[in-house]
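Enquirer: What follows is my_file.cif; its format and atoms are mmCIF, C-alpha atoms and all ligand atoms.
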```cif
data_structure
#
loop_
_atom_site.label_atom_id
_atom_site.label_comp_id
_atom_site.auth_asym_id
_atom_site.auth_seq_id
_atom_site.Cartn_x
_atom_site.Cartn_y
_atom_site.Cartn_z
CA MET T 1 5.27 27.27 -56.81
CA SER T 2 8.24 29.57 -56.31
CA ASP T 3 11.73 28.66 -57.53
CA LYS T 4 13.21 29.43 -54.12
CA LYS T 5 14.74 26.62 -52.08
CA THR T 6 12.75 25.38 -49.10
CA VAL T 7 13.76 25.89 -45.50
CA PHE T 8 12.07 23.93 -42.69
CA SER T 9 12.44 23.97 -38.93
CA GLY T 10 10.53 23.02 -35.81
CA ILE T 11 10.34 23.82 -32.13
CA GLN T 12 8.82 21.80 -29.32
CA PRO T 13 6.02 23.39 -27.32
CA THR T 14 7.43 22.02 -24.07
CA GLY T 15 8.39 24.41 -21.32
CA ASP T 16 9.07 27.97 -22.29
CA ILE T 17 11.19 29.40 -25.04
CA HIS T 18 14.53 30.76 -23.86
CA ILE T 19 17.21 32.99 -25.33
CA GLY T 20 19.18 29.89 -26.45
CA ASN T 21 16.29 28.87 -28.72
CA TYR T 22 16.04 32.45 -29.93
CA LEU T 23 19.72 33.09 -30.63
CA GLY T 24 20.50 29.59 -31.90
CA ALA T 25 17.50 29.06 -34.13
CA LEU T 26 14.58 31.49 -34.19
CA ARG T 27 16.56 34.51 -35.34
CA ASN T 28 17.65 32.52 -38.35
CA TRP T 29 14.09 31.41 -38.99
CA VAL T 30 13.11 35.05 -39.24
CA ASN T 31 16.14 36.06 -41.35
CA LEU T 32 15.63 33.27 -43.88
CA GLN T 33 12.00 34.11 -44.65
CA ASP T 34 12.76 36.20 -47.72
CA SER T 35 15.47 34.16 -49.35
CA TYR T 36 13.71 30.79 -48.94
CA ASP T 37 10.31 29.27 -49.19
CA ALA T 38 10.00 29.07 -45.38
CA ILE T 39 8.03 26.44 -43.45
CA TYR T 40 8.00 26.44 -39.64
CA CYS T 41 6.27 24.04 -37.34
CA VAL T 42 5.33 23.71 -33.68
CA VAL T 43 6.24 20.03 -33.26
CA ASP T 44 3.56 18.95 -30.81
CA LEU T 45 3.80 15.24 -31.75
CA HIS T 46 7.40 15.31 -30.53
CA ALA T 47 6.25 16.80 -27.22
CA ILE T 48 4.26 13.72 -26.22
CA THR T 49 7.37 11.49 -26.13
CA VAL T 50 7.90 12.54 -22.49
CA PRO T 51 5.23 12.59 -19.74
CA PHE T 52 2.87 15.53 -20.34
CA ASP T 53 -0.45 17.05 -19.32
CA PRO T 54 -2.87 17.45 -22.28
CA VAL T 55 -4.44 20.64 -20.88
CA ALA T 56 -1.03 22.25 -20.37
CA LEU T 57 0.13 21.08 -23.80
CA HIS T 58 -2.90 22.67 -25.44
CA ARG T 59 -2.05 25.98 -23.81
CA SER T 60 1.68 25.83 -24.39
CA ARG T 61 1.41 25.04 -28.10
CA LEU T 62 -0.70 28.17 -28.61
CA ASN T 63 1.81 30.20 -26.59
CA THR T 64 4.64 28.79 -28.66
CA ALA T 65 2.83 29.82 -31.85
CA LYS T 66 2.32 33.30 -30.39
CA LEU T 67 6.00 33.60 -29.50
CA LEU T 68 7.02 32.59 -33.01
CA LEU T 69 4.82 35.36 -34.38
CA ALA T 70 6.15 37.78 -31.76
CA VAL T 71 9.80 37.16 -32.70
CA GLY T 72 8.96 37.91 -36.32
CA VAL T 73 7.80 34.76 -38.10
CA ASP T 74 5.44 36.35 -40.59
CA PRO T 75 2.51 34.22 -41.81
CA ALA T 76 2.38 36.30 -44.99
CA ARG T 77 5.88 35.06 -45.88
CA SER T 78 6.12 31.71 -44.06
CA LEU T 79 3.98 28.68 -43.57
CA LEU T 80 3.41 28.18 -39.83
CA TYR T 81 1.40 25.29 -38.34
CA PHE T 82 1.04 22.59 -35.68
CA GLN T 83 2.64 19.28 -36.66
CA SER T 84 -0.26 17.16 -35.33
CA GLN T 85 -2.61 18.82 -37.82
CA VAL T 86 -0.67 17.52 -40.81
CA PRO T 87 -0.87 13.70 -40.68
CA GLN T 88 1.57 13.24 -43.57
CA HIS T 89 4.44 13.78 -41.08
CA ALA T 90 3.48 10.62 -39.18
CA GLU T 91 2.86 8.67 -42.39
CA LEU T 92 6.32 9.45 -43.79
CA SER T 93 7.86 8.76 -40.39
CA TRP T 94 6.52 5.20 -40.54
CA MET T 95 7.94 4.70 -44.01
CA LEU T 96 11.35 6.07 -43.00
CA SER T 97 11.39 3.93 -39.85
CA THR T 98 11.62 0.86 -42.08
CA ILE T 99 14.98 2.03 -43.45
CA THR T 100 16.38 3.23 -40.09
CA SER T 101 18.84 1.00 -38.26
CA LEU T 102 18.40 0.50 -34.53
CA GLY T 103 22.13 1.14 -34.16
CA ALA T 104 21.73 4.70 -35.46
CA LEU T 105 18.91 5.40 -32.99
CA ASN T 106 20.85 3.81 -30.13
CA ARG T 107 23.68 6.27 -30.70
CA MET T 108 21.46 9.34 -30.23
CA THR T 109 22.70 11.23 -27.18
CA GLN T 110 19.42 13.12 -26.71
CA PHE T 111 17.54 9.82 -26.46
CA LYS T 112 19.84 8.65 -23.70
CA GLU T 113 19.58 11.93 -21.80
CA LYS T 114 15.80 12.13 -22.04
CA ALA T 115 15.25 8.42 -21.35
CA ASN T 116 17.37 8.72 -18.21
CA LYS T 117 15.28 11.66 -16.99
CA ALA T 118 11.77 10.83 -18.15
CA GLY T 119 11.78 7.09 -18.87
CA GLU T 120 11.94 5.46 -22.27
CA ASN T 121 9.22 4.61 -24.79
CA LEU T 122 9.15 3.68 -28.47
CA GLY T 123 8.14 7.20 -29.53
CA LEU T 124 11.11 8.74 -27.74
CA PHE T 125 13.40 6.22 -29.42
CA ALA T 126 11.89 6.93 -32.85
CA TYR T 127 11.84 10.71 -32.27
CA PRO T 128 14.68 11.42 -34.76
CA VAL T 129 12.84 9.50 -37.50
CA LEU T 130 9.78 11.74 -37.07
CA MET T 131 12.11 14.72 -37.18
CA ALA T 132 13.58 13.46 -40.47
CA ALA T 133 10.04 13.04 -41.79
CA ASP T 134 9.19 16.65 -40.78
CA ILE T 135 12.03 17.87 -42.96
CA LEU T 136 11.65 15.46 -45.86
CA VAL T 137 7.87 15.67 -46.17
CA HIS T 138 8.43 19.22 -47.44
CA LYS T 139 11.51 18.30 -49.48
CA ALA T 140 13.41 20.91 -47.48
CA HIS T 141 16.89 21.91 -48.61
CA ALA T 142 17.98 23.65 -45.42
CA VAL T 143 17.21 23.42 -41.70
CA PRO T 144 18.07 26.26 -39.29
CA VAL T 145 18.78 24.78 -35.83
CA GLY T 146 21.15 25.11 -32.90
CA ASP T 147 24.08 22.73 -32.76
CA ASP T 148 22.39 20.29 -30.34
CA GLN T 149 20.39 19.05 -33.36
CA THR T 150 23.41 18.07 -35.46
CA GLN T 151 23.15 14.36 -34.73
CA HIS T 152 19.45 14.35 -35.61
CA LEU T 153 20.13 16.25 -38.81
CA GLU T 154 22.77 13.69 -39.79
CA LEU T 155 20.15 10.96 -39.53
CA ALA T 156 17.78 12.99 -41.73
CA ARG T 157 20.53 13.30 -44.33
CA ASP T 158 21.30 9.57 -44.18
CA LEU T 159 17.65 8.64 -44.51
CA SER T 160 17.23 10.95 -47.47
CA GLU T 161 20.20 9.36 -49.23
CA ARG T 162 19.13 5.82 -48.33
CA PHE T 163 15.58 6.36 -49.57
CA ASN T 164 16.85 7.90 -52.82
CA SER T 165 19.26 5.10 -53.54
CA ARG T 166 16.79 2.36 -52.66
CA TYR T 167 13.59 3.68 -54.27
CA GLY T 168 14.71 6.41 -56.70
CA GLU T 169 15.53 10.09 -56.42
CA GLU T 170 12.95 11.77 -54.19
CA PHE T 171 14.39 13.97 -51.44
CA PRO T 172 17.06 16.68 -51.32
CA VAL T 173 19.79 16.02 -48.74
CA PRO T 174 19.02 18.77 -46.22
CA GLU T 175 21.77 21.11 -45.16
CA GLN T 176 22.05 22.33 -41.57
CA ILE T 177 22.15 26.09 -40.99
CA THR T 178 23.62 27.13 -37.64
CA PRO T 179 24.60 30.68 -36.75
CA GLU T 180 28.30 31.47 -36.48
CA MET T 181 27.70 32.73 -32.96
CA GLY T 182 24.88 31.57 -30.66
CA ALA T 183 24.56 28.00 -31.94
CA ARG T 184 25.08 26.82 -28.36
CA ILE T 185 24.07 29.24 -25.62
CA MET T 186 25.15 27.84 -22.27
CA SER T 187 23.41 27.57 -18.91
CA LEU T 188 23.90 30.64 -16.72
CA LYS T 189 24.57 28.46 -13.69
CA ASN T 190 26.72 25.80 -15.28
CA PRO T 191 28.27 27.29 -18.40
CA THR T 192 29.75 24.00 -19.57
CA THR T 193 26.25 22.62 -20.29
CA LYS T 194 23.77 24.11 -22.74
CA MET T 195 20.85 26.29 -21.70
CA SER T 196 17.87 23.96 -21.72
CA LYS T 197 14.09 24.16 -21.40
CA SER T 198 14.04 21.04 -19.29
CA ASP T 199 16.66 22.00 -16.69
CA GLU T 200 15.03 21.76 -13.26
CA ASP T 201 16.66 25.01 -12.11
CA PRO T 202 14.95 28.05 -13.74
CA ASN T 203 17.97 30.21 -12.81
CA THR T 204 19.96 28.49 -15.56
CA ARG T 205 17.98 30.21 -18.33
CA VAL T 206 16.29 33.42 -19.41
CA LEU T 207 12.92 33.07 -21.10
CA LEU T 208 11.73 35.40 -23.85
CA LEU T 209 8.80 36.41 -21.65
CA ASP T 210 10.64 36.80 -18.33
CA GLU T 211 9.96 40.04 -16.46
CA PRO T 212 12.78 42.61 -16.76
CA ASP T 213 13.65 42.23 -13.07
CA THR T 214 13.86 38.47 -13.36
CA ILE T 215 16.22 38.85 -16.32
CA ARG T 216 18.44 41.28 -14.38
CA LYS T 217 18.51 38.90 -11.41
CA ARG T 218 19.43 35.90 -13.56
CA PHE T 219 22.39 37.71 -15.10
CA LYS T 220 23.57 39.10 -11.77
CA ALA T 221 23.69 35.53 -10.46
CA ALA T 222 25.37 34.10 -13.58
CA VAL T 223 28.37 31.91 -12.80
CA THR T 224 31.70 33.28 -14.08
CA ASP T 225 35.23 32.47 -12.83
CA SER T 226 37.75 33.60 -10.26
CA GLU T 227 39.80 35.86 -12.56
CA ARG T 228 39.18 39.57 -13.12
CA GLU T 229 39.63 39.77 -16.83
CA ILE T 230 36.98 39.92 -19.53
CA ARG T 231 38.25 37.95 -22.52
CA TYR T 232 36.87 35.33 -24.86
CA ASP T 233 37.99 31.79 -24.14
CA ARG T 234 35.29 29.12 -24.21
CA GLU T 235 37.55 26.50 -22.62
CA GLU T 236 39.07 28.48 -19.79
CA LYS T 237 36.33 31.06 -19.27
CA PRO T 238 33.04 29.46 -20.36
CA GLY T 239 30.84 31.75 -18.23
CA ILE T 240 32.33 35.05 -19.39
CA SER T 241 32.52 33.81 -23.00
CA ASN T 242 28.83 32.88 -22.90
CA LEU T 243 27.97 36.35 -21.57
CA LEU T 244 30.09 37.92 -24.32
CA ASP T 245 28.24 35.88 -26.94
CA ILE T 246 24.88 36.95 -25.54
CA LEU T 247 25.90 40.62 -25.35
CA ALA T 248 27.34 40.54 -28.88
CA LEU T 249 24.16 39.01 -30.28
CA PHE T 250 21.82 41.41 -28.50
CA THR T 251 23.85 44.53 -29.35
CA GLN T 252 25.03 43.44 -32.81
CA ARG T 253 28.61 44.21 -31.85
CA SER T 254 31.67 42.04 -32.42
CA ILE T 255 33.33 40.10 -29.60
CA ASP T 256 36.61 41.94 -30.25
CA ASP T 257 34.90 45.27 -29.91
CA LEU T 258 33.25 44.24 -26.63
CA VAL T 259 36.44 42.77 -25.17
CA GLU T 260 38.25 46.00 -25.96
CA GLU T 261 35.60 48.06 -24.17
CA TYR T 262 34.98 45.80 -21.17
CA HIS T 263 38.38 44.15 -20.68
CA ASP T 264 38.96 45.68 -17.24
CA THR T 265 35.35 46.10 -16.17
CA PRO T 266 34.52 44.33 -12.88
CA TYR T 267 32.43 41.20 -13.48
CA GLY T 268 29.51 42.58 -11.45
CA HIS T 269 29.20 45.65 -13.70
CA PHE T 270 29.63 43.59 -16.83
CA LYS T 271 26.80 41.27 -15.79
CA VAL T 272 24.52 44.28 -15.26
CA THR T 273 25.39 45.52 -18.77
CA VAL T 274 24.52 42.14 -20.29
CA GLY T 275 21.25 41.99 -18.32
CA GLU T 276 20.22 45.45 -19.52
CA ALA T 277 21.02 44.62 -23.16
CA VAL T 278 18.87 41.49 -22.94
CA VAL T 279 15.99 43.36 -21.22
CA GLU T 280 16.08 45.91 -24.02
CA GLY T 281 16.42 43.34 -26.79
CA LEU T 282 13.49 41.26 -25.53
CA SER T 283 11.18 44.18 -24.88
CA PRO T 284 9.72 44.39 -28.44
CA ILE T 285 9.09 40.62 -28.35
CA ARG T 286 7.20 40.90 -25.05
CA SER T 287 5.04 43.73 -26.33
CA ALA T 288 4.33 41.93 -29.60
CA PHE T 289 3.40 38.77 -27.67
CA TYR T 290 0.96 40.52 -25.33
CA GLY T 291 -0.58 42.37 -28.28
CA LEU T 292 -1.60 39.14 -30.03
CA ASP T 293 -5.15 37.86 -29.88
CA ASP T 294 -5.56 34.11 -29.19
CA GLU T 295 -8.40 33.70 -31.65
CA GLU T 296 -6.55 35.43 -34.42
CA VAL T 297 -3.50 33.25 -33.78
CA THR T 298 -5.69 30.14 -33.83
CA ARG T 299 -7.04 31.22 -37.23
CA ILE T 300 -3.50 31.68 -38.53
CA MET T 301 -2.56 28.19 -37.34
CA VAL T 302 -5.65 26.57 -38.90
CA LYS T 303 -4.94 28.25 -42.22
CA GLY T 304 -1.27 27.20 -41.94
CA ALA T 305 -2.27 23.58 -41.33
CA LEU T 306 -4.58 23.53 -44.35
CA ASP T 307 -1.86 24.90 -46.61
CA ALA T 308 0.80 22.59 -45.15
CA ARG T 309 -1.48 19.59 -45.60
CA THR T 310 -2.11 20.42 -49.24
CA ARG T 311 1.58 20.86 -49.82
CA ALA T 312 2.61 17.70 -47.95
CA GLU T 313 -0.07 15.66 -49.71
CA GLY T 314 1.35 16.76 -53.06
CA GLU T 315 4.80 15.56 -52.03
CA MET T 316 3.54 12.30 -50.53
CA ALA T 317 1.79 11.23 -53.75
CA SER T 318 5.17 10.67 -55.36
CA VAL T 319 6.67 9.05 -52.24
CA ARG T 320 3.79 6.57 -52.04
CA LYS T 321 4.15 5.75 -55.69
CA LYS T 322 7.83 4.94 -55.24
CA LEU T 323 6.94 2.42 -52.53
CA GLY T 324 4.27 0.73 -54.65
CA PHE T 325 1.34 2.46 -52.96
CA ASP T 326 0.07 4.17 -56.09
CA ALA T 327 -3.66 4.73 -55.73
CA ARG T 328 -4.39 3.99 -59.38
CA LEU T 329 -4.86 0.51 -60.83
CA GLY T 330 -2.36 -0.96 -63.27
CA GLN T 331 1.34 -1.32 -63.74
CA ARG T 332 3.91 0.72 -61.84
CA ALA T 333 5.53 3.26 -64.07
P1 LIG G 401 13.90 22.34 -29.39
O1 LIG G 401 12.44 22.63 -29.27
O2 LIG G 401 14.58 21.69 -28.24
O3 LIG G 401 14.68 23.69 -29.67
C1 LIG G 401 14.31 24.59 -30.70
C2 LIG G 401 15.55 25.14 -31.36
O4 LIG G 401 16.39 25.81 -30.41
C3 LIG G 401 17.73 25.35 -30.52
N1 LIG G 401 18.36 25.40 -29.18
C4 LIG G 401 19.46 26.10 -28.89
N2 LIG G 401 20.26 26.87 -29.64
C5 LIG G 401 21.33 27.46 -29.02
N3 LIG G 401 21.62 27.30 -27.71
C6 LIG G 401 20.85 26.52 -26.92
N4 LIG G 401 21.12 26.40 -25.62
C7 LIG G 401 19.71 25.88 -27.50
N5 LIG G 401 18.74 25.07 -27.01
C8 LIG G 401 17.92 24.78 -28.05
C9 LIG G 401 17.59 23.91 -31.02
O5 LIG G 401 18.78 23.48 -31.64
C10 LIG G 401 16.43 24.04 -31.99
O6 LIG G 401 16.90 24.47 -33.27
N6 LIG G 401 14.21 18.21 -32.20
C11 LIG G 401 13.97 19.65 -32.25
C12 LIG G 401 12.62 20.02 -32.85
C13 LIG G 401 12.35 19.49 -34.21
C14 LIG G 401 12.94 19.92 -35.42
C15 LIG G 401 12.33 19.15 -36.44
C16 LIG G 401 13.91 20.88 -35.72
C17 LIG G 401 11.45 18.51 -34.51
N7 LIG G 401 11.43 18.32 -35.86
C18 LIG G 401 12.69 19.32 -37.77
C19 LIG G 401 14.26 21.02 -37.05
C20 LIG G 401 13.66 20.26 -38.05
C21 LIG G 401 13.99 20.18 -30.82
O7 LIG G 401 13.73 19.47 -29.89
O8 LIG G 401 14.19 21.53 -30.73
#
```
Output the structure of this file as structure tokens.
Ligand code: TYM
Expert:
Amino acid sequence: MSDKKTVFSGIQPTGDIHIGNYLGALRNWVNLQDSYDAIYCVVDLHAITVPFDPVALHRSRLNTAKLLLAVGVDPARSLLYFQSQVPQHAELSWMLSTITSLGALNRMTQFKEKANKAGENLGLFAYPVLMAADILVHKAHAVPVGDDQTQHLELARDLSERFNSRYGEEFPVPEQITPEMGARIMSLKNPTTKMSKSDEDPNTRVLLLDEPDTIRKRFKAAVTDSEREIRYDREEKPGISNLLDILALFTQRSIDDLVEEYHDTPYGHFKVTVGEAVVEGLSPIRSAFYGLDDEEVTRIMVKGALDARTRAEGEMASVRKKLGFDARLGQRA
């Protein structure tokens, strides 16, 4: 085992991956691969908490795996697998559910939003407990996510502390890693709400695999404001500020630098510039995606699941023992 700290994160295979997912989370996944022992997961068990079609799910989880590889998750440096193939996640989730208060779950804003849209069920309610188990089953120290996951991460931290104080030191308290810029990319149509996979209007987002012309169109139609000045102000100018964030992240330039250059540029021209930068930035991802072979990716995922299972089983032996589930006969140590 390496002496590096462990980083874990997950992404749902629902809908398609957009630039919010990429800028808020996936770029960090890729950047952290060398400095951490990195474990990344396509969280397909989370995806069945809302109505779904099994055939479509089967296809979209493979596509999600392919996109993760295409953005630069490298199976030689990271463990990558499907959550449903590592049953220890669900086992630990059950254990953690017994120390989770209903009050904490009732306060989850994502539960309320999703339940309002898709209808409630016990799995959707318990979703954050499974997410905590994902992180804790690998004893992860850090979790790269966008800022919409903060409330879930807080529960994971609480559960880690509660388990440790009740049953003995077992889990690190995982730290959230969010990028300084890009932790919350906003909808292109309504820049006061976040860009989301589940928004009914596809014009609100740009997907990593969108055709260049679609990307250009989406940015041309992006909602801005009635002024004529390009400056960064998330309160007063959420649309322009979101476009500045996106441009800065795709061109690796600072906001100040961009504001200086584009301050007096007409909005229409500025939106074309942003669209072009995104088309260019996504082009290597598109080519990498279409160059991947499904069978090869399936092999990578099977190997990842085997390794993740071995690893999680090693961690669970000590968790089980703490709860009195030691497989051996005799006294508890
Ligand atoms: P998911 O699949 O909704 O999103 C994947 C990642 O993308 C981030 N994200 C964003 N970042 C910036 N701007 C946005 N508009 C935006 N939209 C999404 C999310 O914060 C996330 O990091 N519950 C998680 C999946 C999960 C998980 C885990 C994550 C399950 N178990 C354990 C970390 C650790 C989710 O639904 O992400």
Enquirer: Select the residues contacting ligand LIG 401 (chain G) at a distance of at most 8 Å, based on only C-alpha atoms and all ligand atoms, then format the selection as a ChimeraX atom specification.
Expert: /T:8-14,18-26,41,43,46,127-128,130-135,143-149,152-153,182-187,194-197
Enquirer: Which distance in Å separates atom CA of T:Leu323 and atom CA of T:Ile99, to one decimal?
Expert: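 Distance between the two atoms: 12.1 Å.
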Enquirer: Smallest atom-to-atom distance to T:Lys220: which of T:Glu236, T:Asp74, T:Glu276, T:Glu200, using only C-alpha atoms?
Expert: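 Checking each of T:Glu236, T:Asp74, T:Glu276, T:Glu200 against T:Lys220, counting only C-alpha atoms, the winner is T:Glu276.
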Enquirer: In Å, how far is it from atom CA of T:Thr298 to atom CA of T:Gln83?
Expert: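 Computing the Euclidean distance for atom CA of T:Thr298 and atom CA of T:Gln83 yields 14.0 Å.
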Enquirer: Would you mind reading off the distance between atom CA of T:Pro51 and atom CA of T:Asp199, one decimal, in Å?
Expert: 15.1 Å
Enquirer: Between T:Leu207, T:Thr251, T:Asp201, T:Pro191, which is the closest to T:Asp225 once you count only C-alpha atoms?
Expert: T:Pro191
Enquirer: Nearest to T:His269: which of T:Leu136, T:Ile230, T:Ile300, T:Leu102 is it, counting all atoms listed in the file?
Expert: T:Ile230
Enquirer: Near stretch 278-291 of chain T, counting all atoms listed in the file, which residues have an atom at most 10 Å away, once you skip same-chain residues fewer than 4 positions from it, shown as a ChimeraX atom specification?
Expert: /T:19,63,65-72,206-216,219,246-247,249-251,272-274
Enquirer: Please, could you write that set of residues out with C-alpha atoms as a PDB file, keeping the file's coordinate frame?
Expert:
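Saved to out_33.pdb:
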```
ATOM      1  CA  ILE T  19      17.210  32.990 -25.330  1.00  0.00           C
ATOM      2  CA  ASN T  63       1.810  30.200 -26.590  1.00  0.00           C
ATOM      3  CA  ALA T  65       2.830  29.820 -31.850  1.00  0.00           C
ATOM      4  CA  LYS T  66       2.320  33.300 -30.390  1.00  0.00           C
ATOM      5  CA  LEU T  67       6.000  33.600 -29.500  1.00  0.00           C
ATOM      6  CA  LEU T  68       7.020  32.590 -33.010  1.00  0.00           C
ATOM      7  CA  LEU T  69       4.820  35.360 -34.380  1.00  0.00           C
ATOM      8  CA  ALA T  70       6.150  37.780 -31.760  1.00  0.00           C
ATOM      9  CA  VAL T  71       9.800  37.160 -32.700  1.00  0.00           C
ATOM     10  CA  GLY T  72       8.960  37.910 -36.320  1.00  0.00           C
ATOM     11  CA  VAL T 206      16.290  33.420 -19.410  1.00  0.00           C
ATOM     12  CA  LEU T 207      12.920  33.070 -21.100  1.00  0.00           C
ATOM     13  CA  LEU T 208      11.730  35.400 -23.850  1.00  0.00           C
ATOM     14  CA  LEU T 209       8.800  36.410 -21.650  1.00  0.00           C
ATOM     15  CA  ASP T 210      10.640  36.800 -18.330  1.00  0.00           C
ATOM     16  CA  GLU T 211       9.960  40.040 -16.460  1.00  0.00           C
ATOM     17  CA  PRO T 212      12.780  42.610 -16.760  1.00  0.00           C
ATOM     18  CA  ASP T 213      13.650  42.230 -13.070  1.00  0.00           C
ATOM     19  CA  THR T 214      13.860  38.470 -13.360  1.00  0.00           C
ATOM     20  CA  ILE T 215      16.220  38.850 -16.320  1.00  0.00           C
ATOM     21  CA  ARG T 216      18.440  41.280 -14.380  1.00  0.00           C
ATOM     22  CA  PHE T 219      22.390  37.710 -15.100  1.00  0.00           C
ATOM     23  CA  ILE T 246      24.880  36.950 -25.540  1.00  0.00           C
ATOM     24  CA  LEU T 247      25.900  40.620 -25.350  1.00  0.00           C
ATOM     25  CA  LEU T 249      24.160  39.010 -30.280  1.00  0.00           C
ATOM     26  CA  PHE T 250      21.820  41.410 -28.500  1.00  0.00           C
ATOM     27  CA  THR T 251      23.850  44.530 -29.350  1.00  0.00           C
ATOM     28  CA  VAL T 272      24.520  44.280 -15.260  1.00  0.00           C
ATOM     29  CA  THR T 273      25.390  45.520 -18.770  1.00  0.00           C
ATOM     30  CA  VAL T 274      24.520  42.140 -20.290  1.00  0.00           C
TER      31      VAL T 274
END
```
Enquirer: Kindly extract all protein, DNA and RNA residues lying within 12 Å of the coordinates (31.5, 47.1, -26.7) given in the file, considering all atoms listed in the file, and supply them as a list in words.
Expert: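 In the file's frame, the residues around the point are Ile230, Leu244, Asp245, Leu247, Ala248, Leu249, Phe250, Thr251, Gln252, Arg253, Ser254, Ile255, Asp256, Asp257, Leu258, Val259, Glu260, Glu261, Tyr262, His263, Thr265, Phe270, Thr273, Val274 and Ala277 of chain T.
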Enquirer: Taking 5 positions as the minimum chain separation for residues in the same chain, which residues sit within 8 Å of T:Lys5 when counting all atoms listed in the file? Answer as an mmCIF file with C-alpha atoms, in the frame of the given file.
Expert:
```
data_model
loop_
_atom_site.group_PDB
_atom_site.id
_atom_site.type_symbol
_atom_site.label_atom_id
_atom_site.label_comp_id
_atom_site.auth_asym_id
_atom_site.auth_seq_id
_atom_site.Cartn_x
_atom_site.Cartn_y
_atom_site.Cartn_z
ATOM 1 C CA TYR T 36 13.710 30.790 -48.940
ATOM 2 C CA ASP T 37 10.310 29.270 -49.190
ATOM 3 C CA ALA T 140 13.410 20.910 -47.480
ATOM 4 C CA HIS T 141 16.890 21.910 -48.610
ATOM 5 C CA ALA T 142 17.980 23.650 -45.420
#
```
Enquirer: Using only C-alpha atoms, which protein or nucleic acid residues come within 12 Å of T:Asn121? Drop anything in the same chain fewer than 2 positions from it, and give the result as a count of residues only.
Expert: 16
Enquirer: Edge lengths and centre in Å to one decimal, as JSON, is what I'm after for the box along x, y and z that holds all listed atoms of stretch 190-195 of chain T once 3 Å is added on each side.
Expert:
```
{"center_x": 25.3, "center_y": 25.0, "center_z": -19.0, "size_x": 14.9, "size_y": 10.7, "size_z": 13.5}
```
Enquirer: Near T:Glu313, within 10 Å and counting only C-alpha atoms, which residues show up once chain neighbours fewer than 6 positions away are dropped, as a PyMOL selection string?
Expert: chain T and resi 86-89+137-138+307+319
Enquirer: Counting all atoms listed in the file, which of T:Gln85, T:Asn190, T:Asn203, T:Asn31 gets nearest to T:Val223?
Expert: T:Asn190
